[in-house]
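The block underneath contains the structure these notes are about, expressed in C-alpha cells.
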Amino acid sequence: MANGARILLIIGGGIAAYKGLELIREFKKRGHDVRGVLTTAGAQFITPLSVASLTGDVCYTDLFSLTDEAEMGHIELSRDADLIVVAPATADLMAKMANGIANDLASTVLLATDKRVLAAPAMNVRMWLHPATQRNLAQLKNDGVTFVGPDSGEMACGEYGPGRMAEPAAIADAAEARLKAGGTVIPLPPGTDSRIDKARPAAKAQIAAKAADVPPRIAHAAKNGPLAGKSFLITSGPTHEPIDPVRYISNRSSGKQGHAIARAAAEAGAKVTLISGPVNIPDPPHVETVHVESAREMLAAVEKALPADIAVFAAAVADWRVATSAKDKIKKGPGGPPALALAENPDILATIAKSRKRPRLVIGFAAETEKVIEHARAKLKKKGSDLIVANDVSPATGTFGGDANTVHLVSADGVESWPALSKDEVAQRLVKKIADAFKPR
Ligand code: CTP
C-alpha cells in the first residue's frame, strides 16, 4: 500500500502552504497519487492552479460546486484515498476537526471520511501552545489522528519555538509509516452500510476514470454520452505495400479524417479501436490504436478487433500489393527496371460487411476524383455498407493531407451533401448521425 498510495492532501491557510506544494512533489517522487483540496485561507497563499499543475488533477476548493462534472462530491473525495494528509494543519482546521465542524470542503471531507488522517500542524508558537489548541490536539490524538511535527525554530512571524511545519520529506515519511501500519480504513460498526457504492454514477465514473487515467469528461461520456456502451471500430490512414525492405506502394492519405472520427467517437462515449496505417499524426486520446503497415495486416487487425457495434472504414487501403516482395533491396542492373507483378489486396470493408460478424452499422468512404456520387452509389451496393461517405480527392480540392473536406453521404435513402467543413466538423457530424441511428425509436 505504501507504494503507489492515493493521498488526499488538504492544504490549510498559513505561510507553510507553500511547503504543501513541495509535499505534492515529494509524494509524486515517491510514486504516490495526490489529489489536492485547498481551503479558502490556503488560496490566499498559493493558487489552485499550482496545486492542479503539480497533482495533475483538479484542485478541489468548493463544497458547493458538486453539479460541476469536473468535481467530485465530498463523500467520494474523502473515501477515494488511502490516507488524508492535512498540511499545514492550522489552528483553525484543528479546531474544526476536533469539534466536528464541517463548514467548508476541507472540514466536510475530514468529517465524512472513513480514512486515517495525518496532520502536520503549522502555526504561531503562542497559538500552538494555547490551551485551546493543546486541548484540540489531545482530542484529535484520542480520535486516532496521527501527527507529524511541529518542529521548533524561528517562525515567519519572527518568534521562536514549536510551530514550524515539519519538512515535506518528514511528512512523507510519516505518511508512508501510517500507510504501512495498516488499518487505514476506519471500520463501520456492524449493521451500518457504507453508501459509497451507491454514490452518484457520475462521481463513481470519475473515480474509476481517475484510476485508469481518463479525464472525467470522457469517463462521463462513457456512461452517459450518445455512444455510451457502443464499441466502435475504425480504419484510417494509408497502407504500405512493400516492394522490398526499403520501398513500398502507398497513397497520399494522411489519416486526419479517420483519426478525427475516432476522437469524436471516444468523446461521444464509445469504446473505440482504431486500426491505423502508417501516418505522421499522433494517436487520438482515449482510443485503443493498433498500428499496421499493409492491407493484409489491416484486415487481420480488424478481424481481431471484432465484434463491434459500428465499423467505419476510412482507410485508403492500397488496392494492390507487389505479388512477391523482395527479401533484399532490389539493385539496379543491366536488365533494366524490375517488372513488378501486382496482386489485388483483400477488400477489408466488403469482407467485413459480408461476414458473419458484420457490425450493425457499416460505413465506408469513397475517395473519388470524378463522378463522385455515381461511384459512391456503386460502392454502397458492391461493398454491402449502410452508408458511403464520398469525397472528391482530386488534387485541386486539397482534401488529401489538408484539414477540410466536402462530403456527400450516400445511402439507400438518398444523398445528403454537407458544405465544406473542417475534418473535425465532419467527424463530429458523422458521429452525431451514427448516434442518431442508434437512438431508440
Ligand atoms: N476499402 C477497403 N479495402 C480495400 C479497398 C478499399 O476496406 N482493399 C474501403 C475503404 O476504406 C473505403 C472504401 O473501401 O471505405 C472505398 O475505398 P476506395 O479506395 O474509394 O474504393 P476502392 O474499392 O478501392 O475502389 P476504386 O479504387 O476502384 O475506386
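Note on naming: chains are A, B, ... as they come in the C-alpha cells, residues start from 1 per chain, ligands start from 1 in the order shown.
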Margin query: 6 Å from ligand 1 is the threshold here; counting only C-alpha atoms and all ligand atoms, which polymer residues fall inside it? Answer as an MDAnalysis selection string.
Written below: chainID A and resid 313:317 319 345:349 364:367
Notebook entry, point to check: Quick one: residues within 7 Å of Gly42 in chain A, only C-alpha atoms counted, chain neighbours fewer than 3 positions away excluded, as a PyMOL selection string?
Noted result: chain A and resi 11-14+17+38-39+45-46
Notebook entry, point to check: Any idea what's packed within 8 Å of range 143-149 of chain A, counting only C-alpha atoms, ignoring anything in its chain fewer than 3 positions away? Could you give it as a list of chain:residue names?
Noted result: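 So, after excluding close chain neighbours, the residues are A:Arg116, A:Val117, A:Leu118, A:Ala119, A:Ala120, A:Pro121, A:Gln139, A:Leu140, A:Gly163, A:Arg164, A:Met165, A:Ala166, A:Ala170, A:Ile171, A:Ala174, A:Arg178.
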Next item on the list: Could you give me the residues within range 161-387 of chain A that DSSP places in alpha helix (DSSP H), as an MDAnalysis selection string?
Entry: chainID A and resid 168:180 201:211 216:224 256:267 295:305 348:353 372:383
Next item on the list: Please provide as a list in words all residues within 7 Å of range 261-268 of chain A, with the sequence filter that same-chain residues fewer than 4 positions apart are discarded (counting only C-alpha atoms).
Entry: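 In the requested format, the answer is Ile218, Ala221, Gly225, Pro226, Leu227, Ala228, Ile234, Gln257, Val272, Leu274, Pro284, Pro285, His286, Val287, Ala427, Gln428 and Val431 of chain A.
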Neighbour list for Ile330 in chain A as a PDB file with N, CA and C atoms, in the first residue's frame, cut-off 12 Å, only C-alpha atoms, skip fewer than 6 positions in-chain:
```pdb
ATOM      1  N   PRO A 242       4.897  -3.424 -49.320  1.00  0.00           N
ATOM      2  CA  PRO A 242       6.344  -3.459 -49.594  1.00  0.00           C
ATOM      3  C   PRO A 242       6.694  -3.989 -50.988  1.00  0.00           C
ATOM      4  N   ILE A 243       7.668  -3.316 -51.589  1.00  0.00           N
ATOM      5  CA  ILE A 243       8.246  -3.809 -52.850  1.00  0.00           C
ATOM      6  C   ILE A 243       9.511  -4.605 -52.480  1.00  0.00           C
ATOM      7  N   ASP A 244      10.277  -3.995 -51.591  1.00  0.00           N
ATOM      8  CA  ASP A 244      11.440  -4.653 -50.997  1.00  0.00           C
ATOM      9  C   ASP A 244      11.591  -4.042 -49.607  1.00  0.00           C
ATOM     10  N   PRO A 245      12.630  -4.371 -48.847  1.00  0.00           N
ATOM     11  CA  PRO A 245      12.661  -3.846 -47.463  1.00  0.00           C
ATOM     12  C   PRO A 245      12.687  -2.323 -47.356  1.00  0.00           C
ATOM     13  N   VAL A 246      13.015  -1.611 -48.431  1.00  0.00           N
ATOM     14  CA  VAL A 246      13.105  -0.154 -48.306  1.00  0.00           C
ATOM     15  C   VAL A 246      12.074   0.597 -49.160  1.00  0.00           C
ATOM     16  N   ARG A 247      11.349  -0.083 -49.997  1.00  0.00           N
ATOM     17  CA  ARG A 247      10.418   0.626 -50.891  1.00  0.00           C
ATOM     18  C   ARG A 247       9.010   0.073 -50.712  1.00  0.00           C
ATOM     19  N   TYR A 248       8.045   0.941 -50.983  1.00  0.00           N
ATOM     20  CA  TYR A 248       6.664   0.461 -50.875  1.00  0.00           C
ATOM     21  C   TYR A 248       5.739   1.212 -51.823  1.00  0.00           C
ATOM     22  N   GLY A 336      17.690  -3.579 -66.734  1.00  0.00           N
ATOM     23  CA  GLY A 336      16.682  -2.509 -66.721  1.00  0.00           C
ATOM     24  C   GLY A 336      15.797  -2.594 -65.494  1.00  0.00           C
ATOM     25  N   PRO A 337      14.748  -1.746 -65.433  1.00  0.00           N
ATOM     26  CA  PRO A 337      13.892  -1.716 -64.240  1.00  0.00           C
ATOM     27  C   PRO A 337      13.180  -3.043 -64.014  1.00  0.00           C
ATOM     28  N   PRO A 338      12.946  -3.382 -62.745  1.00  0.00           N
ATOM     29  CA  PRO A 338      12.271  -4.663 -62.473  1.00  0.00           C
ATOM     30  C   PRO A 338      10.805  -4.598 -62.905  1.00  0.00           C
ATOM     31  N   ALA A 339      10.281  -5.710 -63.298  1.00  0.00           N
ATOM     32  CA  ALA A 339       8.840  -5.772 -63.602  1.00  0.00           C
ATOM     33  C   ALA A 339       8.138  -6.127 -62.307  1.00  0.00           C
ATOM     34  N   LEU A 340       7.212  -5.301 -61.883  1.00  0.00           N
ATOM     35  CA  LEU A 340       6.527  -5.580 -60.628  1.00  0.00           C
ATOM     36  C   LEU A 340       5.187  -6.230 -60.916  1.00  0.00           C
TER      37      LEU A 340
END
```
Would you tabulate, counting only C-alpha atoms, all residues of range 230-293 of chain A that have an atom at most 12 Å from an atom of range 376-395 of chain A, showing the closest pair of atoms and their distance in Å to one decimal, sorted by chain then ascending number, as CSV?
```
residue,atom,partner,partner_atom,distance
A:Asn251,CA,A:Val393,CA,11.7
A:Arg252,CA,A:Val393,CA,9.9
A:Ser253,CA,A:Val393,CA,9.8
A:Gln257,CA,A:Val389,CA,11.2
A:Gly258,CA,A:Val389,CA,11.5
```
Next item on the list: Quick one: pull the distance between CA of Lys29 in chain A and CA of Arg79 in chain A, Å, one decimal.
Entry: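 Interatomic distance, CA of Lys29 in chain A to CA of Arg79 in chain A: 23.2 Å.
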Margin query: According to DSSP computed on the backbone, where in range 163-337 of chain A is there strand (DSSP E or B)? Give the residues as number ranges by chain.
Written below: A: 163-164, 185, 231-236, 238, 241-244, 247-249, 271-276, 288-291, 310-313, 316, 320-322
Just write the chosen residues, N, CA and C atoms, as a CSV table (one decimal), in the first residue's frame.
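What ended up in selection_24.csv:
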```csv
chain,number,residue,atom,x,y,z
A,163,GLY,N,6.1,25.2,16.3
A,163,GLY,CA,5.0,25.7,15.4
A,163,GLY,C,5.4,25.6,14.0
A,164,ARG,N,6.6,25.4,13.6
A,164,ARG,CA,7.0,25.3,12.2
A,164,ARG,C,6.5,24.0,11.7
A,185,VAL,N,-8.4,2.2,6.9
A,185,VAL,CA,-9.8,2.4,6.8
A,185,VAL,C,-10.4,2.2,8.2
A,231,SER,N,-19.3,-0.3,-29.0
A,231,SER,CA,-17.9,-0.5,-29.5
A,231,SER,C,-17.8,0.0,-30.9
A,232,PHE,N,-16.8,0.7,-31.2
A,232,PHE,CA,-16.6,1.4,-32.4
A,232,PHE,C,-15.3,1.1,-33.1
A,233,LEU,N,-15.3,0.6,-34.2
A,233,LEU,CA,-14.1,0.2,-34.9
A,233,LEU,C,-13.8,1.1,-36.1
A,234,ILE,N,-12.6,1.5,-36.3
A,234,ILE,CA,-12.4,2.4,-37.4
A,234,ILE,C,-11.0,2.2,-38.0
A,235,THR,N,-10.9,2.2,-39.4
A,235,THR,CA,-9.6,2.1,-40.0
A,235,THR,C,-9.3,3.5,-40.5
A,236,SER,N,-8.0,3.8,-40.6
A,236,SER,CA,-7.6,5.1,-41.0
A,236,SER,C,-6.2,5.1,-41.6
A,238,PRO,N,-3.2,5.5,-44.8
A,238,PRO,CA,-2.9,4.6,-46.0
A,238,PRO,C,-2.4,3.3,-45.5
A,241,GLU,N,2.5,-1.1,-49.0
A,241,GLU,CA,2.7,-2.5,-49.6
A,241,GLU,C,4.1,-2.6,-50.0
A,242,PRO,N,4.9,-3.4,-49.3
A,242,PRO,CA,6.3,-3.5,-49.6
A,242,PRO,C,6.7,-4.0,-51.0
A,243,ILE,N,7.7,-3.3,-51.6
A,243,ILE,CA,8.2,-3.8,-52.9
A,243,ILE,C,9.5,-4.6,-52.5
A,244,ASP,N,10.3,-4.0,-51.6
A,244,ASP,CA,11.4,-4.7,-51.0
A,244,ASP,C,11.6,-4.0,-49.6
A,247,ARG,N,11.3,-0.1,-50.0
A,247,ARG,CA,10.4,0.6,-50.9
A,247,ARG,C,9.0,0.1,-50.7
A,248,TYR,N,8.0,0.9,-51.0
A,248,TYR,CA,6.7,0.5,-50.9
A,248,TYR,C,5.7,1.2,-51.8
A,249,ILE,N,4.5,0.6,-52.0
A,249,ILE,CA,3.5,1.3,-52.8
A,249,ILE,C,2.5,1.9,-51.7
A,271,LYS,N,-16.4,3.0,-27.0
A,271,LYS,CA,-15.1,2.3,-26.8
A,271,LYS,C,-14.5,2.1,-28.2
A,272,VAL,N,-13.5,2.9,-28.5
A,272,VAL,CA,-13.0,2.9,-29.9
A,272,VAL,C,-11.7,2.2,-30.1
A,273,THR,N,-11.7,1.4,-31.1
A,273,THR,CA,-10.5,0.7,-31.6
A,273,THR,C,-10.1,1.3,-33.0
A,274,LEU,N,-9.0,1.9,-33.1
A,274,LEU,CA,-8.5,2.5,-34.3
A,274,LEU,C,-7.5,1.6,-34.9
A,275,ILE,N,-7.7,1.1,-36.2
A,275,ILE,CA,-6.6,0.4,-36.9
A,275,ILE,C,-6.0,1.4,-37.8
A,276,SER,N,-4.8,1.8,-37.6
A,276,SER,CA,-4.2,2.8,-38.3
A,276,SER,C,-3.0,2.3,-39.2
A,288,GLU,N,-8.0,3.0,-28.4
A,288,GLU,CA,-7.0,1.9,-28.5
A,288,GLU,C,-6.6,1.9,-29.9
A,289,THR,N,-5.3,2.2,-30.2
A,289,THR,CA,-4.8,2.3,-31.5
A,289,THR,C,-3.9,1.1,-31.9
A,290,VAL,N,-4.2,0.5,-33.0
A,290,VAL,CA,-3.4,-0.6,-33.4
A,290,VAL,C,-2.7,-0.2,-34.7
A,291,HIS,N,-1.4,-0.3,-34.7
A,291,HIS,CA,-0.7,0.2,-35.9
A,291,HIS,C,-0.3,-1.0,-36.8
A,310,ILE,N,-20.3,-0.7,-34.4
A,310,ILE,CA,-20.2,0.2,-35.5
A,310,ILE,C,-18.8,0.0,-36.1
A,311,ALA,N,-18.7,0.0,-37.5
A,311,ALA,CA,-17.4,0.0,-38.1
A,311,ALA,C,-17.3,1.0,-39.2
A,312,VAL,N,-16.3,1.8,-39.1
A,312,VAL,CA,-16.1,2.9,-40.2
A,312,VAL,C,-14.8,2.6,-40.9
A,313,PHE,N,-14.9,2.5,-42.2
A,313,PHE,CA,-13.7,2.2,-42.9
A,313,PHE,C,-13.2,3.4,-43.7
A,316,ALA,N,-7.5,4.6,-46.6
A,316,ALA,CA,-7.2,4.5,-48.0
A,316,ALA,C,-6.3,3.3,-48.3
A,320,TRP,N,-3.6,-2.7,-54.5
A,320,TRP,CA,-2.7,-3.7,-55.0
A,320,TRP,C,-1.4,-3.8,-54.1
A,321,ARG,N,-0.9,-5.0,-54.1
A,321,ARG,CA,0.4,-5.1,-53.5
A,321,ARG,C,1.3,-5.8,-54.5
A,322,VAL,N,2.6,-5.8,-54.2
A,322,VAL,CA,3.5,-6.5,-55.1
A,322,VAL,C,3.4,-8.0,-54.8
```
Checklist line | Residue among A:Glu167, A:Asp62, A:Glu154, A:Asp82 lying closest to Tyr18 in chain A, counting only C-alpha atoms | finding: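 Residue with the minimum atom-to-atom distance to Tyr18 in chain A: A:Glu167.
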Checklist line | Counting only C-alpha atoms, the residue of A:Val58, A:Ala318, A:Leu23, A:Val302 that sits nearest Pro359 in chain A | finding: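 Checking each candidate against Pro359 in chain A, we get A:Val302 as the closest.
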Check: Which neighbours of Gly20 in chain A fall inside 8 Å, counting only C-alpha atoms, when residues of the same chain fewer than 4 positions from it are skipped, and could you give them as a VMD selection string?
Finding: chain A and resid 11 16 24 87 to 88 168
Margin query: I need the residue nearest Asp80 in chain A from this list: A:Ala138, A:Ala5, A:Ile101, A:Ile281. Use only C-alpha atoms for the distance.
Written below: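 Nearest candidate to Asp80 in chain A out of A:Ala138, A:Ala5, A:Ile101, A:Ile281: A:Ala5.
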Notebook entry, point to check: Using only C-alpha atoms, which of the listed residues (A:Thr133, A:Cys157, A:Lys357, A:Lys329) sits closest to Asp309 in chain A?
Noted result: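 Smallest separation from Asp309 in chain A among the options: A:Lys357.
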Margin query: Using Å and a single decimal, report how far CA of Ala219 in chain A sits from CA of Leu21 in chain A.
Written below: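 So the answer is 27.7 Å.
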Item checked: Straight-line distance linking CA of Ala222 in chain A with CA of Ser254 in chain A, stated in Å to one decimal ->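 Rounded to one decimal, the two atoms are 28.0 Å apart.
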Next item on the list: Could you give me, as a list of chain:residue names, the residues within 7 Å of Ala112 in chain A, counting only C-alpha atoms and dropping anything in the same chain fewer than 4 positions from it?
Entry: A:Ile75, A:Ser78, A:Thr108
